[in-house]
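Remarks on the structure that follows.
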Amino acid sequence: MHRRAFLQSLAVGLAGTALPAGALAQCLANPPLQWRNWSGNLRCSPRERVAPASEAELAQWLAKAAGPVRPVGSGHSFSALVPTDGSLLSLGRLSGLLRHDQQTHTATFAAGTLLSHTGPALKAVGLGLKNMSDIDYQALGGLLATSTHGTGIGFGSMSTDLHALRLVTPSGDILDVNRAQTPELFHAARVSLGALGVLSEVTIQCQPAFRLREHFELRRTEEFLEDIKALTTENDHWEMLPLIHCDYAAGVWLNETDEPAGDVGSEDEEGGNEFVELIRMLHKYGSDFPAIRRGIMNLVAGNVSFPDRIGDSHEIFANVRSVRFNEMEYLVPAEAGPACLREILHTIHSRNLPVWMPMEYRYVKGDDIWISQFQGRDSASISVHQHFEMDHHNYFSIIEPIFWKYEGRPHWGKYHTLNARQLRGLYPHFDDFLAVREELDPQGKMLNPHLRSVLGV
Amino acid sequence: MGALTVLLVTLGVVYWEGRTPPPPAADAAENTAVVLQAGSAPHQLPPALQKDYDQSCRVCHNTPGTGAPGAGDAAAWQPRLEQGLGKLLEHTISGHQGMPPMGMCMHCSREAFIAYIQYMAQFRGGEDCP
């Protein structure tokens, strides 16, 4: 297929749609759409947007693309990995379960598949992901490129469950990558920030389908921290959401169970969305009276309870987040987690910072992926969130130095201000990754300003 | 007793917030010459648009409780349509409250977004465009 014909085939909605002629004509005359990420804090005006429908089309297009090219999944990253004035390459049409193996419990997905679509597809073949992040809007290609993770000290990031992958290089070659045959590339490509090319297929190590019981309970944050070892080692997955301007945190226990599935509750109730809404209103009406607000928050937090939920793993792992936000997340050595969290909470409270969204505190097992945030160390994941309509820069700029003090590594997909000068010191294999990048993309076709900054190229 | 009072006050605040009417649709009447009617023209998506719909819009608009108006829910769509198709398209592209920009379809065109809005609200028409 010629490039022009191919690009024409990418245009959406021109065939078979019954649109009002006036609106169509007027809309077609408008300038190209501006791209924004999920929270709206990032935007760009790409020269073109393309969405290949097959790996072959992707390779053909990428080989001829002038660059810069930036791949995008669901646009859920808060760091500027995607923005480009060149070509925005959507993975949205590369989706679905391609094949699976019942013997090895592996499943191969097209890289644009949304995480939310993997659960039902895997369940239909008797499989389930071993762990998941608590938001499932992301596309697999993007979440793997940024070492996205769930919680559980016995579980690595989702990139550690990558069994194999297919990488379309900037020159249009298609590489099969796995630990046995291409070990160096495997270490580099499992978390690559989309700097090595574009993932087309990912083969994920799964396990037989299973159910989870979720227990959700509020306790004093200090009570959780004092019991942290037992909570993290005696449960499959445990995390907490420390409430701001309050002494309490919401703990979430997830454990595999053979009990039958029950009512998993409404989507609104998932992840305590209604409780989050209550907190928002207390901030709205009580921010000028911090002592009273804190008293009410503590009183409410000490008097609410939530029923347990039992369901298929994918239904329990992920929650609907109906409130958009911006997020900064750092990974600190696991043993430093409680002290780092205490200092952040103390800073928020002592300075009465204008924020109401809960924090998130999780644990992740260390791995051997070259630029994974978890490389070489078990980690405590600490996230701060700000409602998308509220200023996040001041808040994050006050908190970020606390993470540095505890040798934190920023989540690649979340807001941070580090560049290659600082990041090189945090990753022993930083230059190994750069060597692979240079070999695959000597012309820098896959780079945008953010990547040039964090990689130093 | 004191704790109960505080709890009741809190719940009262929650109730009051909940009953606060939404802001009126700004200049709704001026934005559209014809008031669009949700549910007035049932139709299906053309096959060319179905996969992108399934990959993006369906995630929220076919999932109860997400806060997004459900596909085919005329009652939920009508007050939104009264703001004009142009405003809905603007919200779709730029994001609005819980709605992420571009509805998570990174390659969809304006025409496709209009078709998805028409499909979910089940109507035809709307001549404005942001």
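Ordering of the structure tokens sets the chain letters (A, B, ...); residue numbers start at 1 within each chain; ligands are numbered from 1 in the order shown.
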If we count only C-alpha atoms, which residues of chain B reach to within 6 Å of chain A? Please list them as a PDB file with C-alpha atoms, in the first residue's frame.
ATOM      1  CA  PRO B  46     -21.028   2.322  10.833  1.00  0.00           C
ATOM      2  CA  GLY B  65     -21.530   4.366  37.517  1.00  0.00           C
ATOM      3  CA  THR B  66     -18.569   6.010  35.811  1.00  0.00           C
ATOM      4  CA  GLY B  98     -14.312  13.331  34.466  1.00  0.00           C
ATOM      5  CA  PRO B 100     -10.632  12.726  29.469  1.00  0.00           C
ATOM      6  CA  PRO B 101      -9.515  14.706  26.419  1.00  0.00           C
ATOM      7  CA  MET B 104      -8.932   8.377  25.007  1.00  0.00           C
ATOM      8  CA  MET B 106      -5.847   9.539  20.168  1.00  0.00           C
ATOM      9  CA  HIS B 107      -6.425   9.255  16.442  1.00  0.00           C
ATOM     10  CA  SER B 109     -11.169  12.880  13.949  1.00  0.00           C
ATOM     11  CA  ALA B 112     -15.713  10.575  14.275  1.00  0.00           C
ATOM     12  CA  GLY B 125     -28.290  17.003  13.281  1.00  0.00           C
ATOM     13  CA  GLU B 127     -24.618  22.166  12.510  1.00  0.00           C
ATOM     14  CA  ASP B 128     -22.215  23.929  14.839  1.00  0.00           C
TER      15      ASP B 128
END
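Excluding A:Leu196 itself and any same-chain residue fewer than 2 positions from it, the protein and nucleic acid residues within 7 Å of it, counting only C-alpha atoms, are Thr169, Ser192, Gly194, Val198, Arg437, Leu440 and Asp441 of chain A.
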Checklist entry - When DSSP works through the backbone of this structure, what residues of stretch 97-291 of chain A end up as strand (DSSP E), shown as a ChimeraX atom specification? => result /A:97-101,106-110,127-129,162-168,174-178,198-208,211-220,237-242,248-257
Checklist entry - Taking the backbone alone, and naming residues the way the document does, which bits of stretch 63-304 of chain A are helix (DSSP H, G or I) by DSSP, as a VMD selection string? => result chain A and resid 63 to 64 115 to 124 140 to 145 158 to 161 183 to 189 221 to 226 228 to 233 267 to 286 290 to 301
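If you measure from each of B:Ala41, B:Pro64, B:Val59, B:Ala121 to B:Glu82 using only C-alpha atoms, the closest one turns out to be B:Ala121.
Closest approach to B:Tyr53 among B:Gly103, B:Gly95, B:Gly84, B:Gly72: B:Gly103, based on only C-alpha atoms.
By chain and then residue number, the residues within 7 Å of B:Leu45 are Leu49, Gln50 and Tyr119 of chain B, counting only C-alpha atoms and disregarding those fewer than 4 positions away in sequence.
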Selection export as a PDB file, in the first residue's frame, atoms kept: N, CA and C atoms:
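The resulting file, again_10.pdb, is shown below:
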ATOM      1  N   LEU B  49     -16.381   2.664  12.287  1.00  0.00           N
ATOM      2  CA  LEU B  49     -16.161   3.388  13.540  1.00  0.00           C
ATOM      3  C   LEU B  49     -16.308   2.509  14.773  1.00  0.00           C
ATOM      4  N   GLN B  50     -16.804   1.294  14.582  1.00  0.00           N
ATOM      5  CA  GLN B  50     -17.158   0.478  15.729  1.00  0.00           C
ATOM      6  C   GLN B  50     -15.947   0.120  16.589  1.00  0.00           C
ATOM      7  N   TYR B 119     -24.349   8.884  18.012  1.00  0.00           N
ATOM      8  CA  TYR B 119     -24.711   7.495  18.300  1.00  0.00           C
ATOM      9  C   TYR B 119     -25.123   7.324  19.767  1.00  0.00           C
TER      10      TYR B 119
END
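Separating atom CA of A:Ile135 from atom CA of A:Arg220 is a distance of 24.9 Å.
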